[in-house]
>>> print(open('target-v6.cif').read())   # mmCIF, C-alpha atoms, pLDDT in the B column; chains and numbers go by the auth columns
data_target
loop_
_atom_site.group_PDB
_atom_site.id
_atom_site.type_symbol
_atom_site.label_atom_id
_atom_site.label_comp_id
_atom_site.label_asym_id
_atom_site.label_seq_id
_atom_site.Cartn_x
_atom_site.Cartn_y
_atom_site.Cartn_z
_atom_site.B_iso_or_equiv
_atom_site.auth_seq_id
_atom_site.auth_asym_id
ATOM 1 C CA MET A 1 16.538 8.533 5.038 70.00 17 A
ATOM 2 C CA ILE A 2 14.637 5.278 5.279 79.00 18 A
ATOM 3 C CA THR A 3 14.562 3.999 8.833 83.00 19 A
ATOM 4 C CA ASP A 4 13.094 0.884 10.383 84.00 20 A
ATOM 5 C CA GLN A 5 10.532 3.054 12.144 85.00 21 A
ATOM 6 C CA LEU A 6 9.391 4.513 8.813 84.00 22 A
ATOM 7 C CA ILE A 7 9.064 1.025 7.315 87.00 23 A
ATOM 8 C CA ARG A 8 7.152 -0.228 10.354 88.00 24 A
ATOM 9 C CA SER A 9 4.737 2.712 10.351 88.00 25 A
ATOM 10 C CA ARG A 10 4.144 2.313 6.605 89.00 26 A
ATOM 11 C CA PHE A 11 3.352 -1.394 7.089 91.00 27 A
ATOM 12 C CA ILE A 12 0.969 -0.713 9.958 90.00 28 A
ATOM 13 C CA ASN A 13 -0.730 2.054 7.990 91.00 29 A
ATOM 14 C CA GLU A 14 -1.260 -0.242 4.978 93.00 30 A
ATOM 15 C CA VAL A 15 -2.627 -3.126 7.058 93.00 31 A
ATOM 16 C CA MET A 16 -4.944 -0.892 9.088 93.00 32 A
ATOM 17 C CA SER A 17 -6.212 0.862 5.955 93.00 33 A
ATOM 18 C CA GLN A 18 -6.974 -2.486 4.340 94.00 34 A
ATOM 19 C CA GLY A 19 -8.814 -3.650 7.472 94.00 35 A
ATOM 20 C CA ILE A 20 -10.860 -0.470 7.752 92.00 36 A
ATOM 21 C CA ASN A 21 -11.763 -0.603 4.062 93.00 37 A
ATOM 22 C CA LYS A 22 -12.847 -4.232 4.501 93.00 38 A
ATOM 23 C CA ILE A 23 -15.085 -3.216 7.419 91.00 39 A
ATOM 24 C CA TYR A 24 -16.780 -0.530 5.333 89.00 40 A
ATOM 25 C CA GLU A 25 -17.068 -2.863 2.339 91.00 41 A
ATOM 26 C CA THR A 26 -18.723 -5.599 4.408 89.00 42 A
ATOM 27 C CA GLN A 27 -21.115 -3.146 6.039 87.00 43 A
ATOM 28 C CA GLU A 28 -22.043 -1.704 2.652 87.00 44 A
ATOM 29 C CA LYS A 29 -22.702 -5.182 1.258 87.00 45 A
ATOM 30 C CA VAL A 30 -24.950 -6.084 4.217 85.00 46 A
ATOM 31 C CA VAL A 31 -26.898 -2.822 3.967 83.00 47 A
ATOM 32 C CA ARG A 32 -27.425 -3.237 0.228 84.00 48 A
ATOM 33 C CA THR A 33 -28.439 -6.893 0.516 82.00 49 A
ATOM 34 C CA TYR A 34 -30.566 -7.131 3.653 78.00 50 A
ATOM 35 C CA LEU A 35 -31.879 -3.670 4.503 77.00 51 A
ATOM 36 C CA ASN A 36 -34.405 -1.553 2.675 75.00 52 A
ATOM 37 C CA THR A 37 -32.841 1.858 2.279 73.00 53 A
ATOM 38 C CA ARG A 38 -35.008 4.918 1.936 75.00 54 A
ATOM 39 C CA SER A 39 -32.840 8.002 1.586 75.00 55 A
ATOM 40 C CA GLY A 40 -29.554 6.365 0.609 79.00 56 A
ATOM 41 C CA ASN A 41 -27.587 8.322 3.226 81.00 57 A
ATOM 42 C CA LEU A 42 -26.355 5.177 4.946 81.00 58 A
ATOM 43 C CA VAL A 43 -25.081 3.595 1.730 83.00 59 A
ATOM 44 C CA SER A 44 -23.450 6.821 0.550 85.00 60 A
ATOM 45 C CA HIS A 45 -21.731 7.214 3.943 82.00 61 A
ATOM 46 C CA LEU A 46 -20.356 3.675 3.744 84.00 62 A
ATOM 47 C CA GLN A 47 -19.172 4.228 0.173 85.00 63 A
ATOM 48 C CA ARG A 48 -17.110 7.260 1.244 87.00 64 A
ATOM 49 C CA ARG A 49 -15.313 5.130 3.856 85.00 65 A
ATOM 50 C CA PRO A 50 -14.404 8.053 6.096 86.00 66 A
ATOM 51 C CA PHE A 51 -11.439 7.408 8.339 88.00 67 A
ATOM 52 C CA SER A 52 -8.369 9.355 9.258 89.00 68 A
ATOM 53 C CA ALA A 53 -4.984 8.486 10.677 89.00 69 A
ATOM 54 C CA GLN A 54 -2.730 10.572 12.876 89.00 70 A
ATOM 55 C CA GLU A 55 0.844 9.836 13.771 85.00 71 A
ATOM 56 C CA GLU A 56 2.523 11.300 16.823 83.00 72 A
ATOM 57 C CA ASP A 57 6.112 10.218 17.461 77.00 73 A
ATOM 58 C CA SER A 58 5.854 6.432 17.153 74.00 74 A
ATOM 59 C CA LYS A 59 2.144 6.241 17.957 84.00 75 A
ATOM 60 C CA GLN A 60 -0.493 5.894 15.238 88.00 76 A
ATOM 61 C CA VAL A 61 -4.161 6.620 15.920 91.00 77 A
ATOM 62 C CA TYR A 62 -6.991 5.757 13.533 90.00 78 A
ATOM 63 C CA TYR A 63 -10.428 7.349 13.621 91.00 79 A
ATOM 64 C CA MET A 64 -13.421 5.797 11.890 87.00 80 A
ATOM 65 C CA ARG A 65 -16.549 7.816 11.346 84.00 81 A
ATOM 66 C CA ILE A 66 -19.618 5.731 12.024 79.00 82 A
ATOM 67 C CA PHE A 67 -23.053 6.766 10.883 77.00 83 A
ATOM 68 C CA PRO A 68 -25.076 6.793 14.144 77.00 84 A
ATOM 69 C CA TYR A 69 -28.047 5.132 12.467 76.00 85 A
ATOM 70 C CA LEU A 70 -25.870 2.103 11.695 76.00 86 A
ATOM 71 C CA ARG A 71 -25.260 1.488 15.386 74.00 87 A
ATOM 72 C CA PHE A 72 -28.962 1.832 16.171 75.00 88 A
ATOM 73 C CA LEU A 73 -29.797 -0.696 13.444 74.00 89 A
ATOM 74 C CA ASP A 74 -27.365 -3.135 15.021 70.00 90 A
ATOM 75 C CA ILE A 75 -28.969 -2.706 18.435 68.00 91 A
ATOM 76 C CA HIS A 76 -32.495 -2.934 16.990 65.00 92 A
ATOM 77 C CA TYR A 77 -31.870 -6.204 15.155 64.00 93 A
ATOM 78 C CA ARG A 78 -30.186 -7.724 18.199 60.00 94 A
ATOM 79 C CA ARG A 79 -33.218 -7.100 20.440 59.00 95 A
ATOM 80 C CA THR A 80 -35.959 -8.539 18.254 57.00 96 A
ATOM 81 C CA SER A 81 -37.677 -11.851 18.961 58.00 97 A
ATOM 82 C CA ASN A 82 -35.788 -15.048 19.689 65.00 98 A
ATOM 83 C CA ASP A 83 -37.481 -17.462 17.301 65.00 99 A
ATOM 84 C CA ARG A 84 -35.436 -19.519 14.858 68.00 100 A
ATOM 85 C CA ILE A 85 -36.261 -17.469 11.760 60.00 101 A
ATOM 86 C CA SER A 86 -35.344 -14.185 13.437 62.00 102 A
ATOM 87 C CA ARG A 87 -32.025 -15.617 14.585 66.00 103 A
ATOM 88 C CA HIS A 88 -31.262 -16.716 11.024 68.00 104 A
ATOM 89 C CA ILE A 89 -32.070 -13.259 9.679 66.00 105 A
ATOM 90 C CA ARG A 90 -29.976 -11.589 12.395 67.00 106 A
ATOM 91 C CA SER A 91 -27.024 -13.863 11.608 69.00 107 A
ATOM 92 C CA ASN A 92 -26.849 -12.240 8.160 72.00 108 A
ATOM 93 C CA LEU A 93 -27.031 -8.723 9.588 76.00 109 A
ATOM 94 C CA ALA A 94 -23.400 -8.326 10.577 71.00 110 A
ATOM 95 C CA ILE A 95 -23.651 -4.559 10.642 80.00 111 A
ATOM 96 C CA TYR A 96 -21.403 -3.319 13.403 79.00 112 A
ATOM 97 C CA ASN A 97 -20.001 -5.401 16.265 79.00 113 A
ATOM 98 C CA ARG A 98 -19.412 -8.632 14.395 81.00 114 A
ATOM 99 C CA VAL A 99 -17.805 -6.879 11.450 86.00 115 A
ATOM 100 C CA VAL A 100 -15.671 -4.355 13.307 87.00 116 A
ATOM 101 C CA TRP A 101 -14.324 -6.655 15.968 88.00 117 A
ATOM 102 C CA GLY A 102 -14.165 -9.677 13.659 89.00 118 A
ATOM 103 C CA VAL A 103 -12.023 -7.924 11.076 91.00 119 A
ATOM 104 C CA LEU A 104 -9.835 -6.155 13.625 91.00 120 A
ATOM 105 C CA TYR A 105 -9.160 -9.058 15.997 92.00 121 A
ATOM 106 C CA HIS A 106 -9.144 -11.973 13.566 93.00 122 A
ATOM 107 C CA GLU A 107 -7.533 -10.441 10.480 93.00 123 A
ATOM 108 C CA THR A 108 -5.889 -7.055 10.992 92.00 124 A
ATOM 109 C CA PHE A 109 -4.164 -7.451 14.371 92.00 125 A
ATOM 110 C CA PRO A 110 -2.715 -10.922 13.563 92.00 126 A
ATOM 111 C CA GLU A 111 -1.429 -9.518 10.255 92.00 127 A
ATOM 112 C CA ILE A 112 0.300 -6.706 12.129 89.00 128 A
ATOM 113 C CA LYS A 113 1.667 -9.092 14.746 89.00 129 A
ATOM 114 C CA TYR A 114 2.909 -11.912 12.504 90.00 130 A
ATOM 115 C CA GLY A 115 2.988 -10.418 8.996 88.00 131 A
ATOM 116 C CA PHE A 116 5.894 -8.025 9.409 88.00 132 A
ATOM 117 C CA THR A 117 8.530 -10.374 8.003 88.00 133 A
ATOM 118 C CA GLN A 118 11.909 -9.612 6.513 88.00 134 A
ATOM 119 C CA GLU A 119 10.455 -10.029 3.034 89.00 135 A
ATOM 120 C CA ILE A 120 7.842 -7.357 3.732 88.00 136 A
ATOM 121 C CA ARG A 121 10.539 -5.070 5.153 88.00 137 A
ATOM 122 C CA THR A 122 12.663 -5.312 2.028 90.00 138 A
ATOM 123 C CA GLN A 123 9.643 -4.804 -0.230 90.00 139 A
ATOM 124 C CA ILE A 124 8.563 -1.645 1.612 89.00 140 A
ATOM 125 C CA ARG A 125 12.170 -0.412 1.687 88.00 141 A
ATOM 126 C CA GLN A 126 12.361 -0.792 -2.107 91.00 142 A
ATOM 127 C CA GLU A 127 9.040 1.040 -2.579 89.00 143 A
ATOM 128 C CA LEU A 128 10.227 3.901 -0.385 87.00 144 A
ATOM 129 C CA LYS A 129 13.578 4.110 -2.179 88.00 145 A
ATOM 130 C CA GLN A 130 11.787 4.321 -5.515 88.00 146 A
ATOM 131 C CA ALA A 131 9.437 6.986 -4.183 85.00 147 A
ATOM 132 C CA PHE A 132 12.329 9.080 -2.854 82.00 148 A
ATOM 133 C CA GLN A 133 14.287 8.697 -6.089 84.00 149 A
ATOM 134 C CA GLU A 134 11.320 9.746 -8.240 77.00 150 A
ATOM 135 C CA GLU A 135 10.497 12.762 -6.074 64.00 151 A
ATOM 136 C CA PRO A 136 13.342 15.119 -7.179 59.00 152 A
ATOM 137 C CA SER A 137 12.868 14.317 -10.874 53.00 153 A
ATOM 138 C CA SER A 138 9.146 15.069 -10.701 52.00 154 A
ATOM 139 C CA ILE A 139 9.875 18.586 -9.403 50.00 155 A
ATOM 140 C CA LEU A 140 12.022 19.462 -12.414 47.00 156 A
#
>>> encode(input="target-v6.cif", output="structure tokens")
Amino acid sequence: MITDQLIRSRFINEVMSQGINKIYETQEKVVRTYLNTRSGNLVSHLQRRPFSAQEEDSKQVYYMRIFPYLRFLDIHYRRTSNDRISRHIRSNLAIYNRVVWGVLYHETFPEIKYGFTQEIRTQIRQELKQAFQEEPSSIL
């Protein structure tokens, strides 16, 4: 049975997954472009894009795994000298705070708040109906 709650949770899951993937993609691009990598562990971690979602009743919780070294790089590049060249270099190093909070607050949360229109509801309802109709035939 397709309920409004199921449609809403599917929409939120899709939007959050897109936002989290965009965060990892942006971080990976910055690391590849501006940082000299030695072991490749940071890039391989960002390529895996590890996150998980849990749903309890009507509450959805998302967990992102963050490589600890990434956070230390963000802190390190924020505390270096204050000359004009260093500020320009740091402006390109959107590693953690600017990326995470920028994507979540300026793209993902507004999409969740204002993007759940009737058109989206009907589209998701149709996708779910097709998925439920195909499920019994795939078993046989």
>>> resolve_selection(input="target-v6.cif", expression="the PyMOL selection byres ((chain A and resi 48-60) around 10)", output="list of chain:residue names")
A:Tyr40, A:Thr42, A:Gln43, A:Glu44, A:Lys45, A:Val46, A:Val47, A:His61, A:Leu62, A:Gln63, A:Arg64, A:Arg65, A:Ile82, A:Phe83, A:Pro84, A:Tyr85, A:Leu86, A:Leu89, A:Ile105, A:Arg106, A:Asn108, A:Leu109
>>> resolve_selection(input="target-v6.cif", expression="the PyMOL selection byres ((chain A and resi 141-147) around 12)", output="list in words")
Met17, Ile18, Thr19, Asp20, Gln21, Leu22, Ile23, Arg24, Ser25, Arg26, Phe27, Gln134, Glu135, Ile136, Arg137, Thr138, Gln139, Ile140, Phe148, Gln149, Glu150, Glu151, Pro152, Ser153 and Ser154 of chain A
>>> closest_residue(input="target-v6.cif", among="A:Val77, A:Pro66, A:Tyr121, A:Thr133", to="Glu41 (chain A)", atoms="only C-alpha atoms")
A:Pro66
>>> atom_distance(input="target-v6.cif", atom1="CA of Ser68 (chain A)", atom2="CA of Gly35 (chain A)")
13.1 Å
>>> atom_distance(input="target-v6.cif", atom1="CA of Phe125 (chain A)", atom2="CA of Phe67 (chain A)")
17.6 Å
>>> residues_around(input="target-v6.cif", residues="Pro126 (chain A)", least_positions_apart="4", cutoff="12 Å", atoms="all atoms listed in the file", output="ChimeraX atom specification")
/A:28,31-32,35,118-122,130-132
>>> closest_residue(input="target-v6.cif", among="A:Ile36, A:Glu123, A:Glu30, A:Ile128", to="Tyr79 (chain A)", atoms="all atoms listed in the file")
A:Ile36
>>> atom_distance(input="target-v6.cif", atom1="CA of Thr124 (chain A)", atom2="CA of Tyr112 (chain A)")
16.1 Å
>>> build_atoms(input="target-v6.cif", residues="region 40-51 of chain A", atoms="all heavy atoms", output="mmCIF file, in the frame of the given file")
data_model
loop_
_atom_site.group_PDB
_atom_site.id
_atom_site.type_symbol
_atom_site.label_atom_id
_atom_site.label_comp_id
_atom_site.auth_asym_id
_atom_site.auth_seq_id
_atom_site.Cartn_x
_atom_site.Cartn_y
_atom_site.Cartn_z
ATOM 1 N N TYR A 40 -15.797 -1.330 6.059
ATOM 2 C CA TYR A 40 -16.780 -0.530 5.333
ATOM 3 C C TYR A 40 -17.384 -1.306 4.170
ATOM 4 O O TYR A 40 -18.580 -1.208 3.896
ATOM 5 C CB TYR A 40 -16.150 0.768 4.816
ATOM 6 C CG TYR A 40 -16.037 1.849 5.855
ATOM 7 C CD1 TYR A 40 -14.815 2.411 6.155
ATOM 8 C CD2 TYR A 40 -17.162 2.319 6.524
ATOM 9 C CE1 TYR A 40 -14.700 3.420 7.101
ATOM 10 C CE2 TYR A 40 -17.059 3.315 7.464
ATOM 11 C CZ TYR A 40 -15.827 3.866 7.755
ATOM 12 O OH TYR A 40 -15.728 4.860 8.689
ATOM 13 N N GLU A 41 -16.574 -2.088 3.475
ATOM 14 C CA GLU A 41 -17.068 -2.863 2.339
ATOM 15 C C GLU A 41 -18.096 -3.897 2.788
ATOM 16 O O GLU A 41 -19.147 -4.058 2.157
ATOM 17 C CB GLU A 41 -15.887 -3.552 1.657
ATOM 18 C CG GLU A 41 -16.242 -4.429 0.501
ATOM 19 C CD GLU A 41 -15.008 -5.137 -0.045
ATOM 20 O OE1 GLU A 41 -13.912 -4.556 -0.007
ATOM 21 O OE2 GLU A 41 -15.169 -6.287 -0.501
ATOM 22 N N THR A 42 -17.800 -4.592 3.882
ATOM 23 C CA THR A 42 -18.723 -5.599 4.408
ATOM 24 C C THR A 42 -20.013 -4.954 4.884
ATOM 25 O O THR A 42 -21.116 -5.465 4.620
ATOM 26 C CB THR A 42 -18.066 -6.371 5.559
ATOM 27 O OG1 THR A 42 -16.825 -6.899 5.114
ATOM 28 C CG2 THR A 42 -18.953 -7.497 6.050
ATOM 29 N N GLN A 43 -19.915 -3.840 5.581
ATOM 30 C CA GLN A 43 -21.115 -3.146 6.039
ATOM 31 C C GLN A 43 -21.956 -2.681 4.855
ATOM 32 O O GLN A 43 -23.179 -2.795 4.877
ATOM 33 C CB GLN A 43 -20.739 -1.954 6.910
ATOM 34 C CG GLN A 43 -20.218 -2.342 8.261
ATOM 35 C CD GLN A 43 -19.739 -1.152 9.060
ATOM 36 O OE1 GLN A 43 -19.381 -0.119 8.514
ATOM 37 N NE2 GLN A 43 -19.709 -1.307 10.379
ATOM 38 N N GLU A 44 -21.305 -2.161 3.830
ATOM 39 C CA GLU A 44 -22.043 -1.704 2.652
ATOM 40 C C GLU A 44 -22.758 -2.864 1.974
ATOM 41 O O GLU A 44 -23.917 -2.739 1.566
ATOM 42 C CB GLU A 44 -21.071 -1.046 1.667
ATOM 43 C CG GLU A 44 -21.742 -0.501 0.434
ATOM 44 C CD GLU A 44 -20.741 0.078 -0.533
ATOM 45 O OE1 GLU A 44 -19.554 0.241 -0.188
ATOM 46 O OE2 GLU A 44 -21.158 0.368 -1.669
ATOM 47 N N LYS A 45 -22.090 -4.013 1.876
ATOM 48 C CA LYS A 45 -22.702 -5.182 1.258
ATOM 49 C C LYS A 45 -23.923 -5.649 2.050
ATOM 50 O O LYS A 45 -24.955 -5.991 1.475
ATOM 51 C CB LYS A 45 -21.680 -6.313 1.156
ATOM 52 C CG LYS A 45 -22.163 -7.481 0.334
ATOM 53 C CD LYS A 45 -21.217 -8.680 0.345
ATOM 54 C CE LYS A 45 -19.777 -8.327 0.216
ATOM 55 N NZ LYS A 45 -18.890 -9.500 0.265
ATOM 56 N N VAL A 46 -23.828 -5.663 3.373
ATOM 57 C CA VAL A 46 -24.950 -6.084 4.217
ATOM 58 C C VAL A 46 -26.115 -5.112 4.079
ATOM 59 O O VAL A 46 -27.270 -5.528 3.947
ATOM 60 C CB VAL A 46 -24.509 -6.204 5.695
ATOM 61 C CG1 VAL A 46 -25.698 -6.334 6.623
ATOM 62 C CG2 VAL A 46 -23.585 -7.383 5.866
ATOM 63 N N VAL A 47 -25.832 -3.820 4.083
ATOM 64 C CA VAL A 47 -26.898 -2.822 3.967
ATOM 65 C C VAL A 47 -27.590 -2.945 2.621
ATOM 66 O O VAL A 47 -28.820 -2.910 2.531
ATOM 67 C CB VAL A 47 -26.334 -1.396 4.188
ATOM 68 C CG1 VAL A 47 -27.343 -0.344 3.782
ATOM 69 C CG2 VAL A 47 -25.940 -1.210 5.637
ATOM 70 N N ARG A 48 -26.827 -3.112 1.562
ATOM 71 C CA ARG A 48 -27.425 -3.237 0.228
ATOM 72 C C ARG A 48 -28.246 -4.512 0.080
ATOM 73 O O ARG A 48 -29.272 -4.526 -0.572
ATOM 74 C CB ARG A 48 -26.350 -3.219 -0.850
ATOM 75 C CG ARG A 48 -25.760 -1.877 -1.106
ATOM 76 C CD ARG A 48 -24.803 -1.960 -2.293
ATOM 77 N NE ARG A 48 -24.111 -0.724 -2.509
ATOM 78 C CZ ARG A 48 -24.595 0.293 -3.207
ATOM 79 N NH1 ARG A 48 -25.795 0.201 -3.727
ATOM 80 N NH2 ARG A 48 -23.898 1.399 -3.360
ATOM 81 N N THR A 49 -27.786 -5.598 0.694
ATOM 82 C CA THR A 49 -28.439 -6.893 0.516
ATOM 83 C C THR A 49 -29.660 -7.079 1.410
ATOM 84 O O THR A 49 -30.709 -7.523 0.956
ATOM 85 C CB THR A 49 -27.432 -8.029 0.793
ATOM 86 O OG1 THR A 49 -26.285 -7.835 -0.031
ATOM 87 C CG2 THR A 49 -28.036 -9.375 0.497
ATOM 88 N N TYR A 50 -29.546 -6.740 2.690
ATOM 89 C CA TYR A 50 -30.566 -7.131 3.653
ATOM 90 C C TYR A 50 -31.453 -6.001 4.161
ATOM 91 O O TYR A 50 -32.476 -6.273 4.779
ATOM 92 C CB TYR A 50 -29.910 -7.814 4.857
ATOM 93 C CG TYR A 50 -29.234 -9.104 4.474
ATOM 94 C CD1 TYR A 50 -27.858 -9.180 4.392
ATOM 95 C CD2 TYR A 50 -29.974 -10.232 4.166
ATOM 96 C CE1 TYR A 50 -27.222 -10.344 4.035
ATOM 97 C CE2 TYR A 50 -29.352 -11.405 3.806
ATOM 98 C CZ TYR A 50 -27.981 -11.458 3.734
ATOM 99 O OH TYR A 50 -27.365 -12.619 3.370
ATOM 100 N N LEU A 51 -31.080 -4.763 3.958
ATOM 101 C CA LEU A 51 -31.879 -3.670 4.503
ATOM 102 C C LEU A 51 -32.520 -2.865 3.383
ATOM 103 O O LEU A 51 -31.913 -2.641 2.342
ATOM 104 C CB LEU A 51 -31.005 -2.744 5.360
ATOM 105 C CG LEU A 51 -30.356 -3.380 6.578
ATOM 106 C CD1 LEU A 51 -29.480 -2.370 7.282
ATOM 107 C CD2 LEU A 51 -31.397 -3.910 7.531
#
